[in-house]
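As provided, run-v1.cif (mmCIF, C-alpha atoms) reads as follows.
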data_coords
loop_
_atom_site.label_atom_id
_atom_site.label_comp_id
_atom_site.auth_asym_id
_atom_site.auth_seq_id
_atom_site.Cartn_x
_atom_site.Cartn_y
_atom_site.Cartn_z
CA MET A 1 14.06 -26.81 145.93
CA THR A 2 16.04 -24.18 147.81
CA ARG A 3 17.15 -25.34 151.23
CA VAL A 4 17.14 -22.76 154.03
CA VAL A 5 19.83 -22.94 156.71
CA VAL A 6 20.54 -20.89 159.81
CA SER A 7 23.96 -19.24 159.73
CA GLY A 8 23.62 -16.78 162.62
CA LEU A 9 21.87 -16.63 165.99
CA GLY A 10 21.53 -13.85 168.55
CA VAL A 11 19.60 -13.66 171.83
CA VAL A 12 18.99 -11.23 174.68
CA SER A 13 17.03 -13.06 177.36
CA PRO A 14 16.23 -12.93 181.08
CA TYR A 15 19.57 -14.68 181.58
CA GLY A 16 21.45 -11.79 179.95
CA ALA A 17 22.95 -10.90 176.56
CA GLY A 18 24.21 -13.53 174.15
CA ALA A 19 23.19 -16.93 172.81
CA LYS A 20 25.83 -18.66 174.98
CA THR A 21 24.40 -17.08 178.12
CA PHE A 22 20.90 -18.08 177.01
CA TRP A 23 21.93 -21.69 176.44
CA ALA A 24 23.80 -21.89 179.73
CA GLY A 25 20.64 -20.89 181.58
CA LEU A 26 18.47 -23.37 179.69
CA ALA A 27 20.95 -26.22 180.08
CA THR A 28 21.18 -25.78 183.84
CA GLY A 29 17.41 -25.40 184.20
CA GLU A 30 17.68 -22.03 185.92
CA CYS A 31 14.27 -20.40 186.35
CA ALA A 32 14.68 -16.68 185.58
CA ILE A 33 11.18 -15.70 186.79
CA ARG A 34 11.57 -13.24 189.66
CA PRO A 35 9.89 -10.18 191.26
CA VAL A 36 9.08 -7.47 188.73
CA THR A 37 11.11 -4.25 188.86
CA VAL A 38 10.32 -2.60 185.51
CA ILE A 39 6.73 -1.69 186.40
CA ASP A 40 4.66 -1.28 189.57
CA THR A 41 2.62 -4.45 190.22
CA GLU A 42 0.96 -3.38 193.47
CA GLY A 43 -2.44 -5.06 193.80
CA PHE A 44 -1.96 -7.50 190.91
CA ARG A 45 -2.66 -11.23 191.09
CA SER A 46 0.96 -11.89 190.10
CA ARG A 47 4.02 -9.77 190.87
CA ILE A 48 6.68 -11.81 189.09
CA ALA A 49 8.08 -11.95 185.56
CA ALA A 50 11.23 -12.86 183.66
CA GLU A 51 13.01 -9.56 183.01
CA VAL A 52 16.23 -8.88 181.16
CA PRO A 53 18.51 -7.97 184.12
CA ALA A 54 18.76 -4.23 184.78
CA ASP A 55 22.56 -4.25 184.67
CA VAL A 56 22.46 -5.97 181.29
CA VAL A 57 20.05 -3.40 179.85
CA ALA A 58 22.22 -0.60 181.26
CA SER A 59 25.34 -2.06 179.64
CA LEU A 60 23.89 -2.49 176.13
CA ARG A 61 25.85 -0.56 173.55
CA VAL A 62 22.78 1.14 172.10
CA SER A 63 21.65 4.73 172.64
CA ARG A 64 19.42 5.11 175.69
CA ARG A 65 17.20 7.33 173.61
CA ARG A 66 15.96 4.12 172.01
CA SER A 67 13.14 2.17 173.63
CA ARG A 68 13.96 -0.79 175.86
CA ALA A 69 12.59 -3.14 173.19
CA ASP A 70 14.62 -1.47 170.42
CA ARG A 71 17.78 -1.78 172.49
CA ILE A 72 17.47 -5.50 173.18
CA ALA A 73 16.35 -6.17 169.59
CA LEU A 74 19.32 -4.36 168.10
CA THR A 75 21.73 -6.17 170.43
CA ALA A 76 20.37 -9.61 169.53
CA ALA A 77 20.31 -8.79 165.82
CA ARG A 78 23.92 -7.60 165.87
CA GLU A 79 24.99 -10.88 167.48
CA ALA A 80 23.18 -12.91 164.81
CA LEU A 81 24.80 -10.93 161.99
CA ALA A 82 28.24 -11.16 163.60
CA GLU A 83 27.99 -14.94 163.92
CA ALA A 84 26.92 -15.23 160.28
CA ASP A 85 30.15 -13.41 159.35
CA LEU A 86 28.65 -11.62 156.38
CA ALA A 87 30.64 -9.57 153.92
CA PRO A 88 29.91 -5.79 153.94
CA GLY A 89 27.96 -5.99 150.70
CA ASP A 90 25.73 -8.86 151.82
CA ARG A 91 23.46 -6.58 153.81
CA ALA A 92 22.50 -4.44 150.82
CA ASP A 93 19.76 -6.85 149.72
CA MET A 94 19.19 -8.63 153.04
CA GLY A 95 15.55 -9.03 154.05
CA LEU A 96 14.19 -8.29 157.52
CA PHE A 97 11.19 -9.96 159.15
CA ILE A 98 10.46 -9.03 162.75
CA GLY A 99 7.66 -10.20 165.02
CA ALA A 100 6.46 -7.41 167.30
CA VAL A 101 3.44 -6.35 169.30
CA GLY A 102 4.37 -4.00 172.15
CA GLY A 103 6.70 -1.64 170.28
CA GLY A 104 8.00 1.11 172.54
CA MET A 105 4.86 0.96 174.67
CA LEU A 106 6.79 0.98 177.97
CA GLU A 107 8.27 4.39 177.21
CA GLY A 108 4.90 5.62 175.94
CA GLU A 109 3.34 4.59 179.23
CA GLU A 110 6.03 6.44 181.15
CA TRP A 111 5.38 9.56 179.08
CA TYR A 112 1.65 9.33 179.75
CA CYS A 113 2.14 8.86 183.50
CA GLU A 114 4.38 11.94 183.66
CA GLU A 115 1.89 14.00 181.71
CA ALA A 116 -1.06 12.77 183.80
CA ALA A 117 0.83 13.69 186.97
CA GLY A 118 1.38 17.23 185.69
CA ARG A 119 5.12 16.83 185.30
CA GLY A 120 5.11 17.54 181.53
CA PRO A 121 6.18 18.47 179.01
CA SER A 122 8.07 15.21 179.35
CA PRO A 123 11.66 14.97 178.15
CA ARG A 124 10.70 11.49 176.93
CA ILE A 125 8.19 12.74 174.39
CA GLY A 126 10.55 11.43 171.72
CA ALA A 127 9.61 7.94 172.91
CA LEU A 128 6.24 8.36 171.24
CA ARG A 129 7.95 8.02 167.87
CA SER A 130 8.81 4.41 168.73
CA ILE A 131 5.51 3.37 170.26
CA LEU A 132 4.30 1.38 167.22
CA PRO A 133 5.52 -2.18 166.50
CA VAL A 134 6.95 -1.03 163.14
CA SER A 135 9.54 1.04 165.00
CA HIS A 136 11.71 -2.03 165.55
CA ALA A 137 11.99 -2.80 161.84
CA GLU A 138 12.76 0.84 161.08
CA THR A 139 15.47 0.95 163.77
CA LEU A 140 17.11 -2.33 162.75
CA ALA A 141 17.01 -1.62 159.02
CA TRP A 142 18.56 1.82 159.49
CA ARG A 143 21.20 0.93 162.09
CA LEU A 144 22.22 -2.36 160.43
CA ARG A 145 21.97 -1.09 156.83
CA LEU A 146 19.59 -3.82 155.70
CA GLY A 147 18.39 -2.82 152.25
CA GLY A 148 16.15 -5.72 151.23
CA PRO A 149 12.44 -6.40 151.77
CA ARG A 150 11.19 -5.49 155.24
CA GLU A 151 8.14 -6.75 157.11
CA THR A 152 6.70 -6.36 160.62
CA VAL A 153 4.65 -9.40 161.62
CA VAL A 154 1.94 -8.83 164.25
CA MET A 155 0.44 -12.22 165.14
CA ALA A 156 0.25 -12.05 168.95
CA CYS A 157 2.31 -14.78 170.62
CA ALA A 158 3.03 -16.46 167.27
CA SER A 159 4.69 -13.34 165.81
CA GLY A 160 8.33 -14.38 166.26
CA ALA A 161 7.81 -17.83 164.77
CA ALA A 162 5.76 -16.42 161.89
CA SER A 163 8.55 -13.98 161.04
CA ILE A 164 10.95 -16.93 160.68
CA ALA A 165 8.48 -18.90 158.55
CA LEU A 166 7.80 -15.94 156.25
CA GLY A 167 11.48 -15.01 156.06
CA ALA A 168 12.31 -18.55 154.97
CA ASP A 169 9.63 -18.32 152.26
CA LEU A 170 11.36 -15.21 150.93
CA VAL A 171 14.68 -17.06 150.71
CA ARG A 172 13.06 -20.06 149.01
CA SER A 173 11.40 -17.76 146.47
CA GLY A 174 14.81 -16.52 145.34
CA ALA A 175 13.97 -12.89 146.17
CA THR A 176 17.06 -12.67 148.40
CA PRO A 177 19.57 -15.24 149.68
CA LEU A 178 19.65 -13.72 153.17
CA VAL A 179 17.01 -12.74 155.73
CA LEU A 180 17.31 -11.58 159.33
CA ALA A 181 14.23 -12.88 161.15
CA GLY A 182 13.08 -12.91 164.75
CA GLY A 183 11.01 -11.17 167.36
CA VAL A 184 11.15 -8.81 170.32
CA ASP A 185 8.95 -7.72 173.19
CA ALA A 186 9.53 -5.84 176.44
CA ILE A 187 7.43 -5.95 179.57
CA THR A 188 4.78 -3.23 179.58
CA ARG A 189 2.07 -2.17 181.99
CA ILE A 190 -0.74 -2.72 179.50
CA CYS A 191 0.40 -6.29 178.73
CA PHE A 192 0.87 -7.19 182.39
CA MET A 193 -2.43 -5.59 183.39
CA GLY A 194 -4.29 -7.28 180.56
CA PHE A 195 -3.19 -10.81 181.41
CA ASN A 196 -3.72 -10.04 185.10
CA ALA A 197 -7.31 -8.96 184.35
CA LEU A 198 -7.88 -12.19 182.41
CA LYS A 199 -6.61 -14.10 185.47
CA LEU A 200 -4.05 -15.87 183.29
CA LEU A 201 -1.00 -15.05 185.45
CA ASP A 202 0.27 -17.49 188.07
CA PRO A 203 1.34 -15.80 191.35
CA GLU A 204 4.17 -18.36 191.43
CA PRO A 205 6.61 -19.16 188.61
CA CYS A 206 4.61 -20.92 185.91
CA ARG A 207 4.56 -24.72 185.83
CA PRO A 208 3.52 -25.96 182.39
CA PHE A 209 1.95 -29.43 182.21
CA ASP A 210 1.68 -29.68 186.01
CA ARG A 211 -1.65 -30.84 187.44
CA GLY A 212 -1.81 -27.73 189.65
CA ARG A 213 -0.79 -25.13 187.05
CA ARG A 214 -2.56 -21.79 187.45
CA GLY A 215 -1.34 -19.66 184.58
CA MET A 216 1.59 -18.13 182.78
CA SER A 217 4.52 -15.90 183.70
CA ILE A 218 5.30 -12.86 181.54
CA GLY A 219 8.81 -12.48 180.10
CA GLU A 220 10.77 -10.21 177.76
CA ALA A 221 13.47 -10.99 175.22
CA ALA A 222 14.71 -10.65 171.67
CA ALA A 223 16.00 -13.41 169.40
CA PHE A 224 17.06 -13.36 165.76
CA VAL A 225 18.36 -15.86 163.22
CA VAL A 226 20.06 -15.33 159.91
CA LEU A 227 18.26 -17.45 157.32
CA GLU A 228 20.27 -18.23 154.22
CA ASP A 229 20.09 -20.09 150.94
CA ALA A 230 22.16 -23.23 151.62
CA GLU A 231 24.12 -22.90 148.39
CA HIS A 232 24.89 -19.25 149.11
CA CYS A 233 26.06 -20.21 152.61
CA ARG A 234 28.27 -23.01 151.28
CA ALA A 235 29.77 -20.77 148.60
CA ARG A 236 30.98 -18.24 151.14
CA GLY A 237 32.25 -20.94 153.51
CA ALA A 238 30.01 -19.99 156.41
CA ARG A 239 29.13 -22.21 159.35
CA VAL A 240 25.69 -23.83 159.39
CA LEU A 241 23.94 -23.90 162.78
CA GLY A 242 20.93 -25.90 161.61
CA GLU A 243 18.35 -26.17 158.86
CA LEU A 244 14.77 -24.95 158.77
CA LEU A 245 13.11 -27.87 157.02
CA GLY A 246 9.57 -26.56 156.93
CA ALA A 247 6.86 -24.48 158.55
CA GLY A 248 3.11 -24.63 158.98
CA MET A 249 0.78 -21.69 159.65
CA THR A 250 -2.95 -22.00 160.37
CA THR A 251 -5.79 -20.14 162.05
CA ASP A 252 -8.44 -21.74 164.25
CA ALA A 253 -11.06 -19.08 163.39
CA HIS A 254 -12.72 -20.18 166.62
CA HIS A 255 -12.38 -17.61 169.46
CA VAL A 256 -10.61 -14.35 170.31
CA THR A 257 -8.48 -15.90 173.07
CA ALA A 258 -9.33 -19.60 173.50
CA PRO A 259 -7.82 -22.33 171.30
CA HIS A 260 -10.03 -24.73 169.35
CA PRO A 261 -11.41 -27.28 171.87
CA GLU A 262 -9.94 -30.20 169.94
CA GLY A 263 -6.68 -28.50 168.96
CA GLU A 264 -7.71 -28.67 165.31
CA GLY A 265 -5.65 -25.70 164.09
CA MET A 266 -2.62 -26.81 166.12
CA VAL A 267 -2.72 -30.26 164.52
CA ARG A 268 -2.95 -28.77 161.02
CA ALA A 269 -0.02 -26.41 161.67
CA MET A 270 2.23 -29.25 162.85
CA ALA A 271 1.09 -31.58 160.05
CA ASP A 272 1.66 -28.88 157.42
CA ALA A 273 5.14 -28.19 158.82
CA LEU A 274 6.06 -31.87 158.67
CA ALA A 275 4.71 -32.18 155.14
CA ALA A 276 6.73 -29.15 154.03
CA ALA A 277 9.79 -30.66 155.71
CA GLY A 278 9.28 -34.03 154.08
CA ARG A 279 9.29 -35.71 157.49
CA ALA A 280 6.94 -38.11 159.27
CA PRO A 281 5.91 -37.75 162.93
CA ALA A 282 8.22 -40.67 163.75
CA ASP A 283 11.19 -38.60 162.53
CA ILE A 284 10.71 -36.00 165.28
CA GLY A 285 12.43 -36.64 168.60
CA TYR A 286 11.48 -33.48 170.49
CA VAL A 287 8.82 -30.78 170.58
CA ASN A 288 9.57 -27.40 172.15
CA ALA A 289 5.99 -26.79 173.21
CA HIS A 290 4.10 -23.52 173.34
CA GLY A 291 3.51 -24.65 176.94
CA THR A 292 2.26 -21.47 178.62
CA GLY A 293 1.16 -23.05 181.90
CA THR A 294 -2.51 -22.08 181.56
CA PRO A 295 -4.87 -25.01 182.20
CA GLN A 296 -6.68 -24.74 178.86
CA ASN A 297 -3.75 -24.10 176.51
CA ASP A 298 -1.59 -26.90 177.88
CA ARG A 299 -4.48 -29.35 177.69
CA MET A 300 -5.31 -28.44 174.09
CA GLU A 301 -1.66 -28.61 172.98
CA ALA A 302 -1.30 -32.02 174.62
CA LEU A 303 -4.41 -33.22 172.80
CA ALA A 304 -3.02 -31.94 169.50
CA LEU A 305 0.31 -33.68 170.12
CA VAL A 306 -1.47 -36.96 170.88
CA ARG A 307 -3.50 -36.71 167.68
CA LEU A 308 -0.37 -36.24 165.57
CA PHE A 309 2.37 -38.14 167.37
CA GLY A 310 0.50 -40.61 169.58
CA GLU A 311 0.75 -40.88 173.36
CA GLY A 312 4.30 -40.67 174.70
CA ARG A 313 5.87 -40.95 171.23
CA VAL A 314 7.90 -37.74 171.50
CA LEU A 315 9.75 -35.82 174.23
CA VAL A 316 8.19 -32.47 175.12
CA SER A 317 9.33 -29.52 177.23
CA SER A 318 8.43 -25.87 177.76
CA THR A 319 11.20 -23.29 177.96
CA LYS A 320 8.56 -20.74 179.07
CA SER A 321 8.94 -22.36 182.50
CA LEU A 322 12.50 -20.97 182.50
CA VAL A 323 12.28 -17.58 180.75
CA GLY A 324 8.57 -16.82 180.87
CA HIS A 325 6.23 -16.08 178.00
CA THR A 326 8.09 -13.47 175.99
CA MET A 327 5.04 -12.56 173.91
CA ALA A 328 5.93 -11.51 170.34
CA ALA A 329 9.47 -12.77 170.89
CA ALA A 330 8.37 -16.20 172.17
CA GLY A 331 8.39 -17.98 168.80
CA SER A 332 11.89 -16.80 167.91
CA VAL A 333 13.24 -17.38 171.44
CA GLU A 334 11.95 -20.94 171.33
CA ALA A 335 13.23 -21.44 167.79
CA ALA A 336 16.66 -20.43 169.09
CA ALA A 337 16.25 -22.87 172.00
CA THR A 338 15.30 -25.65 169.58
CA LEU A 339 18.33 -25.00 167.35
CA LEU A 340 20.63 -25.04 170.38
CA THR A 341 18.96 -28.23 171.63
CA LEU A 342 19.75 -29.94 168.34
CA GLN A 343 23.33 -28.64 168.35
CA HIS A 344 24.08 -29.80 171.89
CA GLY A 345 21.95 -32.93 172.04
CA LEU A 346 20.48 -31.70 175.31
CA ILE A 347 16.79 -31.02 175.95
CA PRO A 348 16.05 -28.08 178.29
CA PRO A 349 13.81 -29.13 181.16
CA THR A 350 10.31 -28.04 182.11
CA ALA A 351 10.94 -26.25 185.41
CA ASN A 352 8.57 -26.41 188.38
CA LEU A 353 6.91 -29.58 187.04
CA ARG A 354 6.37 -31.73 190.14
CA ASP A 355 2.95 -33.35 189.66
CA PRO A 356 2.50 -34.23 185.96
CA ASP A 357 -1.01 -33.81 184.61
CA PRO A 358 -2.38 -37.22 183.54
CA ASP A 359 -4.09 -35.46 180.62
CA VAL A 360 -0.61 -34.71 179.24
CA PRO A 361 0.61 -38.22 178.31
CA PHE A 362 4.18 -37.25 177.45
CA ASP A 363 7.56 -37.17 179.13
CA CYS A 364 7.90 -33.42 179.66
CA VAL A 365 11.51 -33.60 180.94
CA PRO A 366 10.83 -32.33 184.47
CA GLY A 367 13.45 -30.44 186.41
CA THR A 368 16.71 -31.44 184.75
CA ALA A 369 18.00 -31.21 181.18
CA ARG A 370 18.33 -34.52 179.37
CA ALA A 371 20.98 -35.67 176.90
CA VAL A 372 19.32 -37.14 173.81
CA GLU A 373 20.65 -37.65 170.29
CA LEU A 374 18.26 -35.74 168.04
CA GLN A 375 18.04 -35.30 164.27
CA ALA A 376 14.91 -33.15 163.99
CA ALA A 377 12.63 -31.19 166.31
CA VAL A 378 9.47 -29.08 166.21
CA SER A 379 8.96 -25.64 167.80
CA ASN A 380 5.32 -24.66 168.42
CA SER A 381 3.88 -21.15 168.83
CA PHE A 382 0.16 -20.58 169.32
CA GLY A 383 -1.24 -17.07 169.74
CA PHE A 384 -4.50 -15.31 170.60
CA GLY A 385 -7.06 -15.51 167.84
CA GLY A 386 -6.04 -19.10 167.16
CA GLN A 387 -2.89 -18.17 165.23
CA ASN A 388 -0.74 -21.29 165.02
CA VAL A 389 2.82 -21.63 163.74
CA SER A 390 5.00 -24.76 163.81
CA LEU A 391 8.62 -24.87 162.69
CA VAL A 392 10.65 -28.01 161.91
CA PHE A 393 14.41 -27.80 162.40
CA SER A 394 17.16 -30.35 161.82
CA ARG A 395 20.81 -30.58 162.80
#

Would you mind giving the structure from this file in structure tokens?
Amino acid sequence: MTRVVVSGLGVVSPYGAGAKTFWAGLATGECAIRPVTVIDTEGFRSRIAAEVPADVVASLRVSRRRSRADRIALTAAREALAEADLAPGDRADMGLFIGAVGGGMLEGEEWYCEEAAGRGPSPRIGALRSILPVSHAETLAWRLRLGGPRETVVMACASGAASIALGADLVRSGATPLVLAGGVDAITRICFMGFNALKLLDPEPCRPFDRGRRGMSIGEAAAFVVLEDAEHCRARGARVLGELLGAGMTTDAHHVTAPHPEGEGMVRAMADALAAAGRAPADIGYVNAHGTGTPQNDRMEALALVRLFGEGRVLVSSTKSLVGHTMAAAGSVEAAATLLTLQHGLIPPTANLRDPDPDVPFDCVPGTARAVELQAAVSNSFGFGGQNVSLVFSR
């Protein structure tokens, strides 16, 4: 069976541009959740989020005519391709899978506000061309000259992880030896307002798995990996960053927003991923949890982890406590974090965790990163509509 390895990795996060910058922030446990500047949050329950720094966005070497999301996506994708050190001809048949939800919605909102205020016709009307999620795939394929199969994956907060799972399937099928896969999302008014209306946002930086948790913190980011047939990678002498052993994808078919009350779909996704990877629960040393910080989601994920791994049998942490919930990008951002965790033998902490919830019977690595020798780890992504994706990575 074809093995799928990761030969490139690129990230733009609330810490800044670059995978090294991303890892430095995770390793030090720096919480990047701060007051929002991209949109007006007057009157909202929460007024904080994890934004890509304004000076970083301003310095990106991408045309400012592109949407904010397109710009950070293209920057992260370029880094992943550069690290993979591909030959010029390798991109001709390279596949592209990108998880997306918001598209260029931020610019579309700005256009609407200008029109509604009577300041039109807006010079930003061109932004409407990039308002749909498919705009990211079109931009990346064109600018990076990726000529293989192309797919936009819209699966709410599981989109980024699903794009990696589906991209790996394409490599295993033999359709192409190379796929660029990941996700992107930028902060938008409609997203922030929606979660605020649902009362799912914590006024303070989120604190997953804490007894007093009150909700999530929004974030924005882009992360991409180059997935490659292991033999193809070896033949061209490229560096291997890790291996994607297997993936599991399930649907609860239970509720529009709430997870299954017994975590049934989550358990199946993790079990399917382990089966595809040829690994037992005892082989997994760490789970990068979905860990949003909402009372219900954290409780259900903990229950699912207990059902599969047993109480306290695996280390767990949530990088959303550091960089927020980056929506469609979350699954790929956390996949990148999991790969870097395996490389460095260091588990990023769960920030702001001061009073562990007794219903979460795991060591959730509070406060400070922990050095642990790991061979394999799981990255979980669970989205609205009960869309569950689990990825198993190894060193």

Just checking: using only C-alpha atoms, which residue out of A:Met300, A:Pro349, A:Asp283, A:Ser390 ends up closest to Ala376 of chain A?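 Of all the options, A:Asp283 lies closest to Ala376 of chain A.
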
Tell me which residues the PyMOL selection byres ((chain A and resi 291) around 9) grabs here, as a PyMOL selection string. chain A and resi 207-209+216+288-290+292-294+297-298+301+317-321+380-381

Keeping only C-alpha atoms, take the residues you just selected and write them out as a short mmCIF file (atom, residue, chain, number, x, y, z; two decimals), keeping the file's coordinate frame.
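Okay, this is what ended up in part10.cif:
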data_model
loop_
_atom_site.label_atom_id
_atom_site.label_comp_id
_atom_site.auth_asym_id
_atom_site.auth_seq_id
_atom_site.Cartn_x
_atom_site.Cartn_y
_atom_site.Cartn_z
CA ARG A 207 4.56 -24.72 185.83
CA PRO A 208 3.52 -25.96 182.39
CA PHE A 209 1.95 -29.43 182.21
CA MET A 216 1.59 -18.13 182.78
CA ASN A 288 9.57 -27.40 172.15
CA ALA A 289 5.99 -26.79 173.21
CA HIS A 290 4.10 -23.52 173.34
CA THR A 292 2.26 -21.47 178.62
CA GLY A 293 1.16 -23.05 181.90
CA THR A 294 -2.51 -22.08 181.56
CA ASN A 297 -3.75 -24.10 176.51
CA ASP A 298 -1.59 -26.90 177.88
CA GLU A 301 -1.66 -28.61 172.98
CA SER A 317 9.33 -29.52 177.23
CA SER A 318 8.43 -25.87 177.76
CA THR A 319 11.20 -23.29 177.96
CA LYS A 320 8.56 -20.74 179.07
CA SER A 321 8.94 -22.36 182.50
CA ASN A 380 5.32 -24.66 168.42
CA SER A 381 3.88 -21.15 168.83
#

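The residue that comes closest to Ala230 of chain A, out of A:Pro177, A:Gly182, A:Gly383, A:Gly212 and on the basis of all atoms listed in the file, is A:Pro177.
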
Can you measure atom CA of Thr2 of chain A to atom CA of Arg234 of chain A for me? One decimal in Å is fine.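 Atom CA of Thr2 of chain A sits 12.8 Å away from atom CA of Arg234 of chain A.
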
The PyMOL selection byres ((chain A and resi 81-85) around 8) on the file shown: which residues, as a PyMOL selection string? chain A and resi 7-10+77-80+86-87+180+226+238-239

Measuring atom to atom with all atoms listed in the file, identify which of A:Ile218, A:Arg370, A:Glu231, A:Arg71 is nearest to Met193 of chain A. A:Ile218

Using only C-alpha atoms, which of A:Ala69, A:Val287, A:Ile98, A:Ile33 sits nearest Cys364 of chain A?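 Selected residue with least distance to Cys364 of chain A: A:Val287.
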
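Counting all atoms listed in the file and comparing A:Ser63, A:Thr350, A:Ser13, A:Thr139, the residue that lies closest to Pro205 of chain A is A:Thr350.
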
Residues matched by the PyMOL selection byres ((chain A and resi 262-265) around 7), written as a PyMOL selection string: chain A and resi 250-252+259-261+266-269+300-301+303-304+388

For the atom pair atom CA of Arg66 of chain A and atom CA of Ser217 of chain A, what is the interatomic distance in Å to one decimal place?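 Atom CA of Arg66 of chain A sits 25.9 Å away from atom CA of Ser217 of chain A.
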
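Note that the spacing between atom CA of Leu308 of chain A and atom CA of Leu346 of chain A amounts to 23.5 Å.
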
Counting all atoms listed in the file, the residue of A:Val314, A:Leu353, A:Ala186, A:Val392 that sits nearest Val101 of chain A: A:Ala186

Mind checking which residues fall within 10 Å of Ala271 of chain A, counting only C-alpha atoms, ignoring those fewer than 6 positions away in the same chain, and posting them as a list in words?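 Returned residues: Ala247, Gly248, Met249, Gly265, Ala277, Arg279, Ala280, Pro281, Leu308, Phe309 and Ser390 of chain A.
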
At a cut-off of 10 Å, using all atoms listed in the file, what residues contact Asp185 of chain A? Leave out same-chain residues fewer than 3 positions from it and give the result as an mmCIF file with C-alpha atoms, in the coordinates of the input.
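Saved the output as part_27.cif:
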data_model
loop_
_atom_site.group_PDB
_atom_site.id
_atom_site.type_symbol
_atom_site.label_atom_id
_atom_site.label_comp_id
_atom_site.auth_asym_id
_atom_site.auth_seq_id
_atom_site.Cartn_x
_atom_site.Cartn_y
_atom_site.Cartn_z
ATOM 1 C CA ARG A 68 13.960 -0.790 175.860
ATOM 2 C CA ALA A 69 12.590 -3.140 173.190
ATOM 3 C CA ASP A 70 14.620 -1.470 170.420
ATOM 4 C CA ILE A 72 17.470 -5.500 173.180
ATOM 5 C CA ALA A 73 16.350 -6.170 169.590
ATOM 6 C CA GLY A 99 7.660 -10.200 165.020
ATOM 7 C CA ALA A 100 6.460 -7.410 167.300
ATOM 8 C CA VAL A 101 3.440 -6.350 169.300
ATOM 9 C CA GLY A 102 4.370 -4.000 172.150
ATOM 10 C CA GLY A 103 6.700 -1.640 170.280
ATOM 11 C CA GLY A 104 8.000 1.110 172.540
ATOM 12 C CA MET A 105 4.860 0.960 174.670
ATOM 13 C CA PRO A 133 5.520 -2.180 166.500
ATOM 14 C CA HIS A 136 11.710 -2.030 165.550
ATOM 15 C CA GLY A 160 8.330 -14.380 166.260
ATOM 16 C CA THR A 188 4.780 -3.230 179.580
ATOM 17 C CA GLY A 219 8.810 -12.480 180.100
ATOM 18 C CA GLU A 220 10.770 -10.210 177.760
ATOM 19 C CA ALA A 221 13.470 -10.990 175.220
ATOM 20 C CA ALA A 222 14.710 -10.650 171.670
ATOM 21 C CA ALA A 223 16.000 -13.410 169.400
ATOM 22 C CA THR A 326 8.090 -13.470 175.990
ATOM 23 C CA MET A 327 5.040 -12.560 173.910
ATOM 24 C CA ALA A 328 5.930 -11.510 170.340
ATOM 25 C CA ALA A 329 9.470 -12.770 170.890
ATOM 26 C CA ALA A 330 8.370 -16.200 172.170
#

If the box runs along x, y and z of the file and leaves 3 Å on each side of segment 100-119 of chain A, what are its centre and edge lengths in Å, one decimal, as lines of an AutoDock Vina configuration file?
center_x = 3.6
center_y = 4.9
center_z = 177.1
size_x = 15.3
size_y = 30.6
size_z = 25.7
